[in-house]
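Data file: coords04.txt. Format and content: compact mmCIF, N, CA and C atoms.
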# COMPACT_ATOMS: atom_id res chain seq x y z
N MET A 294 -72.15 163.55 -181.37
CA MET A 294 -72.46 162.28 -180.75
C MET A 294 -71.20 161.40 -180.79
N LYS A 295 -70.90 160.74 -179.71
CA LYS A 295 -69.72 159.88 -179.64
C LYS A 295 -69.99 158.55 -180.33
N LYS A 296 -69.04 158.14 -181.18
CA LYS A 296 -69.20 156.90 -181.93
C LYS A 296 -68.38 155.78 -181.30
N ILE A 297 -69.01 154.62 -181.19
CA ILE A 297 -68.37 153.41 -180.66
C ILE A 297 -68.47 152.32 -181.71
N LEU A 298 -67.36 151.63 -181.92
CA LEU A 298 -67.37 150.44 -182.76
C LEU A 298 -67.41 149.24 -181.84
N LEU A 299 -68.46 148.44 -181.98
CA LEU A 299 -68.63 147.22 -181.19
C LEU A 299 -68.34 146.04 -182.11
N VAL A 300 -67.34 145.25 -181.75
CA VAL A 300 -66.95 144.10 -182.57
C VAL A 300 -67.18 142.84 -181.74
N GLU A 301 -68.24 142.12 -182.07
CA GLU A 301 -68.65 140.91 -181.34
C GLU A 301 -69.36 139.99 -182.31
N ASP A 302 -68.88 138.76 -182.42
CA ASP A 302 -69.46 137.83 -183.39
C ASP A 302 -70.74 137.15 -182.91
N ASP A 303 -71.00 137.15 -181.62
CA ASP A 303 -72.25 136.59 -181.09
C ASP A 303 -73.36 137.60 -181.33
N ILE A 304 -74.29 137.26 -182.19
CA ILE A 304 -75.33 138.20 -182.62
C ILE A 304 -76.15 138.72 -181.44
N GLU A 305 -76.54 137.84 -180.53
CA GLU A 305 -77.38 138.26 -179.41
C GLU A 305 -76.64 139.24 -178.50
N ILE A 306 -75.38 138.95 -178.19
CA ILE A 306 -74.59 139.85 -177.34
C ILE A 306 -74.40 141.18 -178.05
N ASN A 307 -74.06 141.13 -179.33
CA ASN A 307 -73.85 142.34 -180.11
C ASN A 307 -75.10 143.22 -180.08
N GLN A 308 -76.24 142.63 -180.34
CA GLN A 308 -77.49 143.40 -180.37
C GLN A 308 -77.84 143.96 -178.99
N LEU A 309 -77.63 143.18 -177.95
CA LEU A 309 -77.95 143.63 -176.60
C LEU A 309 -77.07 144.80 -176.17
N VAL A 310 -75.77 144.67 -176.37
CA VAL A 310 -74.85 145.75 -176.00
C VAL A 310 -75.13 147.00 -176.84
N SER A 311 -75.37 146.81 -178.13
CA SER A 311 -75.69 147.94 -179.02
C SER A 311 -76.94 148.67 -178.54
N LYS A 312 -77.94 147.90 -178.16
CA LYS A 312 -79.21 148.48 -177.70
C LYS A 312 -78.99 149.37 -176.47
N TYR A 313 -78.27 148.85 -175.48
CA TYR A 313 -78.09 149.60 -174.25
C TYR A 313 -77.18 150.81 -174.43
N LEU A 314 -76.13 150.67 -175.22
CA LEU A 314 -75.27 151.82 -175.48
C LEU A 314 -76.01 152.88 -176.29
N GLY A 315 -76.83 152.43 -177.23
CA GLY A 315 -77.65 153.37 -178.01
C GLY A 315 -78.60 154.16 -177.13
N LYS A 316 -79.19 153.49 -176.13
CA LYS A 316 -80.10 154.17 -175.20
C LYS A 316 -79.37 155.23 -174.38
N GLU A 317 -78.05 155.05 -174.20
CA GLU A 317 -77.26 156.03 -173.46
C GLU A 317 -76.79 157.18 -174.34
N GLY A 318 -77.19 157.15 -175.61
CA GLY A 318 -76.89 158.27 -176.50
C GLY A 318 -75.68 158.09 -177.39
N PHE A 319 -75.09 156.91 -177.42
CA PHE A 319 -73.94 156.67 -178.27
C PHE A 319 -74.38 156.23 -179.66
N ASP A 320 -73.59 156.60 -180.66
CA ASP A 320 -73.80 156.14 -182.03
C ASP A 320 -72.99 154.85 -182.18
N ILE A 321 -73.66 153.73 -182.32
CA ILE A 321 -73.01 152.42 -182.33
C ILE A 321 -72.92 151.88 -183.75
N HIS A 322 -71.72 151.46 -184.12
CA HIS A 322 -71.52 150.71 -185.35
C HIS A 322 -71.18 149.30 -184.91
N ALA A 323 -71.92 148.31 -185.37
CA ALA A 323 -71.74 146.93 -184.95
C ALA A 323 -71.08 146.12 -186.07
N ALA A 324 -69.98 145.46 -185.72
CA ALA A 324 -69.30 144.56 -186.65
C ALA A 324 -69.34 143.16 -186.05
N TYR A 325 -69.42 142.16 -186.93
CA TYR A 325 -69.56 140.78 -186.48
C TYR A 325 -68.35 139.91 -186.77
N ASP A 326 -67.34 140.48 -187.43
CA ASP A 326 -66.09 139.75 -187.65
C ASP A 326 -64.95 140.76 -187.85
N GLY A 327 -63.74 140.26 -187.84
CA GLY A 327 -62.58 141.14 -187.93
C GLY A 327 -62.49 141.90 -189.24
N LYS A 328 -62.86 141.27 -190.32
CA LYS A 328 -62.80 141.91 -191.63
C LYS A 328 -63.75 143.11 -191.68
N GLU A 329 -64.96 142.92 -191.18
CA GLU A 329 -65.94 144.00 -191.15
C GLU A 329 -65.47 145.14 -190.23
N ALA A 330 -64.87 144.78 -189.10
CA ALA A 330 -64.36 145.79 -188.17
C ALA A 330 -63.30 146.67 -188.83
N LEU A 331 -62.38 146.05 -189.55
CA LEU A 331 -61.33 146.82 -190.22
C LEU A 331 -61.90 147.72 -191.31
N ALA A 332 -62.94 147.29 -191.97
CA ALA A 332 -63.59 148.14 -192.96
C ALA A 332 -64.18 149.39 -192.29
N TYR A 333 -64.83 149.21 -191.14
CA TYR A 333 -65.36 150.35 -190.40
C TYR A 333 -64.24 151.30 -189.98
N ILE A 334 -63.14 150.74 -189.48
CA ILE A 334 -62.01 151.56 -189.01
C ILE A 334 -61.44 152.41 -190.15
N GLN A 335 -61.42 151.86 -191.35
CA GLN A 335 -60.89 152.60 -192.50
C GLN A 335 -61.77 153.79 -192.88
N ASN A 336 -63.06 153.71 -192.59
CA ASN A 336 -64.01 154.71 -193.07
C ASN A 336 -64.59 155.65 -192.02
N HIS A 337 -64.28 155.42 -190.74
CA HIS A 337 -64.90 156.21 -189.68
C HIS A 337 -63.90 156.51 -188.57
N GLU A 338 -64.19 157.54 -187.79
CA GLU A 338 -63.43 157.87 -186.59
C GLU A 338 -64.25 157.44 -185.38
N TYR A 339 -63.62 156.76 -184.43
CA TYR A 339 -64.32 156.28 -183.24
C TYR A 339 -63.65 156.82 -181.98
N GLN A 340 -64.47 157.03 -180.95
CA GLN A 340 -63.95 157.43 -179.65
C GLN A 340 -63.63 156.21 -178.78
N LEU A 341 -64.21 155.05 -179.15
CA LEU A 341 -63.99 153.81 -178.39
C LEU A 341 -64.26 152.61 -179.29
N VAL A 342 -63.45 151.57 -179.11
CA VAL A 342 -63.70 150.29 -179.79
C VAL A 342 -63.83 149.23 -178.71
N ILE A 343 -64.94 148.50 -178.73
CA ILE A 343 -65.15 147.36 -177.84
C ILE A 343 -64.92 146.13 -178.72
N LEU A 344 -63.88 145.36 -178.41
CA LEU A 344 -63.38 144.34 -179.32
C LEU A 344 -63.32 142.96 -178.66
N ASP A 345 -64.03 142.02 -179.24
CA ASP A 345 -63.93 140.61 -178.86
C ASP A 345 -62.63 140.08 -179.49
N LEU A 346 -61.88 139.28 -178.78
CA LEU A 346 -60.61 138.79 -179.32
C LEU A 346 -60.76 137.53 -180.17
N MET A 347 -61.81 136.76 -179.94
CA MET A 347 -62.01 135.53 -180.71
C MET A 347 -63.06 135.80 -181.79
N LEU A 348 -62.59 136.15 -182.98
CA LEU A 348 -63.47 136.54 -184.08
C LEU A 348 -63.23 135.68 -185.31
N PRO A 349 -64.26 135.54 -186.16
CA PRO A 349 -64.05 134.90 -187.45
C PRO A 349 -63.37 135.87 -188.42
N GLN A 350 -62.89 135.34 -189.53
CA GLN A 350 -62.22 136.10 -190.59
C GLN A 350 -60.82 136.54 -190.16
N ILE A 351 -60.75 137.54 -189.30
CA ILE A 351 -59.48 138.05 -188.79
C ILE A 351 -59.59 138.10 -187.27
N GLU A 352 -58.64 137.51 -186.56
CA GLU A 352 -58.70 137.46 -185.10
C GLU A 352 -58.60 138.85 -184.49
N GLY A 353 -59.15 138.99 -183.30
CA GLY A 353 -59.18 140.26 -182.60
C GLY A 353 -57.82 140.87 -182.36
N GLN A 354 -56.79 140.05 -182.08
CA GLN A 354 -55.44 140.58 -181.85
C GLN A 354 -54.92 141.29 -183.09
N GLU A 355 -55.20 140.74 -184.27
CA GLU A 355 -54.76 141.38 -185.51
C GLU A 355 -55.56 142.65 -185.77
N VAL A 356 -56.83 142.63 -185.47
CA VAL A 356 -57.66 143.83 -185.60
C VAL A 356 -57.10 144.92 -184.69
N LEU A 357 -56.79 144.57 -183.46
CA LEU A 357 -56.23 145.52 -182.50
C LEU A 357 -54.91 146.09 -183.00
N ARG A 358 -54.05 145.25 -183.53
CA ARG A 358 -52.76 145.70 -184.06
C ARG A 358 -52.96 146.74 -185.16
N GLN A 359 -53.90 146.49 -186.04
CA GLN A 359 -54.15 147.41 -187.14
C GLN A 359 -54.82 148.71 -186.66
N ILE A 360 -55.67 148.60 -185.65
CA ILE A 360 -56.27 149.81 -185.07
C ILE A 360 -55.17 150.68 -184.46
N ARG A 361 -54.28 150.05 -183.72
CA ARG A 361 -53.19 150.78 -183.08
C ARG A 361 -52.25 151.43 -184.10
N ALA A 362 -52.05 150.78 -185.23
CA ALA A 362 -51.19 151.33 -186.27
C ALA A 362 -51.80 152.59 -186.89
N LYS A 363 -53.14 152.66 -186.88
CA LYS A 363 -53.85 153.80 -187.49
C LYS A 363 -53.97 154.99 -186.55
N GLY A 364 -54.12 154.74 -185.25
CA GLY A 364 -54.35 155.85 -184.32
C GLY A 364 -54.29 155.43 -182.88
N THR A 365 -54.96 156.22 -182.04
CA THR A 365 -54.87 155.98 -180.59
C THR A 365 -56.23 155.77 -179.95
N VAL A 366 -57.20 155.33 -180.71
CA VAL A 366 -58.53 155.12 -180.15
C VAL A 366 -58.45 154.05 -179.05
N PRO A 367 -59.08 154.32 -177.90
CA PRO A 367 -59.05 153.33 -176.81
C PRO A 367 -59.95 152.14 -177.07

Can I see the file as structure tokens?
Amino acid sequence: MKKILLVEDDIEINQLVSKYLGKEGFDIHAAYDGKEALAYIQNHEYQLVILDLMLPQIEGQEVLRQIRAKGTVP
């Protein structure tokens, strides 16, 4: 099963997108801030990351920089 990390701090948007991607057969891990997203990245392999740029804790640009330093996930 393909794993997607969804990083979105708006709870309603996060839940809605997770629901629809889950119905399409994807394994969704939902993070609500940059710190949580980086914790997921350290512990899992993802085929795709959907990343909001305006996040609490750690901004999306910094999360993206650290994701890129670790690998090539789109």

Could you pull out the strand (DSSP E or B) residues of chain A from DSSP and send them as a list in words?
-> Lys296, Ile297, Leu298, Leu299, Val300, Asp320, Ile321, His322, Ala323, Ala324, Leu341, Val342, Ile343 and Leu344 of chain A

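For the point (-65.7, 134.2, -185.4), the residues with at least one atom inside 7 Å, counting all atoms listed in the file, are A:Asp302, A:Tyr325, A:Asp326, A:Gly327, A:Met347, A:Leu348, A:Pro349, A:Gln350.
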
Preceding selection exported with N, CA and C atoms as an mmCIF file, in the coordinates of the input:
data_model
loop_
_atom_site.group_PDB
_atom_site.id
_atom_site.type_symbol
_atom_site.label_atom_id
_atom_site.label_comp_id
_atom_site.auth_asym_id
_atom_site.auth_seq_id
_atom_site.Cartn_x
_atom_site.Cartn_y
_atom_site.Cartn_z
ATOM 1 N N ASP A 302 -68.880 138.760 -182.420
ATOM 2 C CA ASP A 302 -69.460 137.830 -183.390
ATOM 3 C C ASP A 302 -70.740 137.150 -182.910
ATOM 4 N N TYR A 325 -69.420 142.160 -186.930
ATOM 5 C CA TYR A 325 -69.560 140.780 -186.480
ATOM 6 C C TYR A 325 -68.350 139.910 -186.770
ATOM 7 N N ASP A 326 -67.340 140.480 -187.430
ATOM 8 C CA ASP A 326 -66.090 139.750 -187.650
ATOM 9 C C ASP A 326 -64.950 140.760 -187.850
ATOM 10 N N GLY A 327 -63.740 140.260 -187.840
ATOM 11 C CA GLY A 327 -62.580 141.140 -187.930
ATOM 12 C C GLY A 327 -62.490 141.900 -189.240
ATOM 13 N N MET A 347 -61.810 136.760 -179.940
ATOM 14 C CA MET A 347 -62.010 135.530 -180.710
ATOM 15 C C MET A 347 -63.060 135.800 -181.790
ATOM 16 N N LEU A 348 -62.590 136.150 -182.980
ATOM 17 C CA LEU A 348 -63.470 136.540 -184.080
ATOM 18 C C LEU A 348 -63.230 135.680 -185.310
ATOM 19 N N PRO A 349 -64.260 135.540 -186.160
ATOM 20 C CA PRO A 349 -64.050 134.900 -187.450
ATOM 21 C C PRO A 349 -63.370 135.870 -188.420
ATOM 22 N N GLN A 350 -62.890 135.340 -189.530
ATOM 23 C CA GLN A 350 -62.220 136.100 -190.590
ATOM 24 C C GLN A 350 -60.820 136.540 -190.160
#

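Closest approach to A:Gly364 from the set A:Ala330, A:Leu341, A:Ile351, A:Met294 is made by A:Leu341, with distances taken over only C-alpha atoms.
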
Residue with the minimum atom-to-atom distance to A:Lys312, picked from A:Leu299, A:Ala362, A:Leu357, A:Leu346 with only C-alpha atoms counted, is A:Leu299

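Nearest residue to A:Pro367, choosing from A:Tyr339, A:Ala332, A:Gly353, A:Val310 and counting only C-alpha atoms: A:Tyr339.
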
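By only C-alpha atoms, and with residues fewer than 6 positions from A:Leu331 along its chain excluded, the set lying at most 10 Å from it is Val300, Ala324, Ile351, Glu355, Val356, Leu357, Gln359 and Ile360 of chain A.
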
Two-atom distance - atom C of A:Glu301, atom CA of A:Ala323 (Å) | 7.8 Å

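Atom CA of A:Asn307 is found 10.1 Å from atom CA of A:His322.
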
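Atom to atom, atom CA of A:Arg358 and atom C of A:Tyr313 stand 26.7 Å apart.
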
Smallest atom-to-atom distance to A:Phe319: which of A:Lys295, A:Ile334, A:Gln340, A:Glu305, using only N, CA and C atoms?
-> A:Lys295

Enumerate, as number ranges by chain, the complete set of residues in chain A that a backbone-based DSSP assignment places in helix (DSSP H, G or I).
-> A: 304-316, 327-336, 353-363
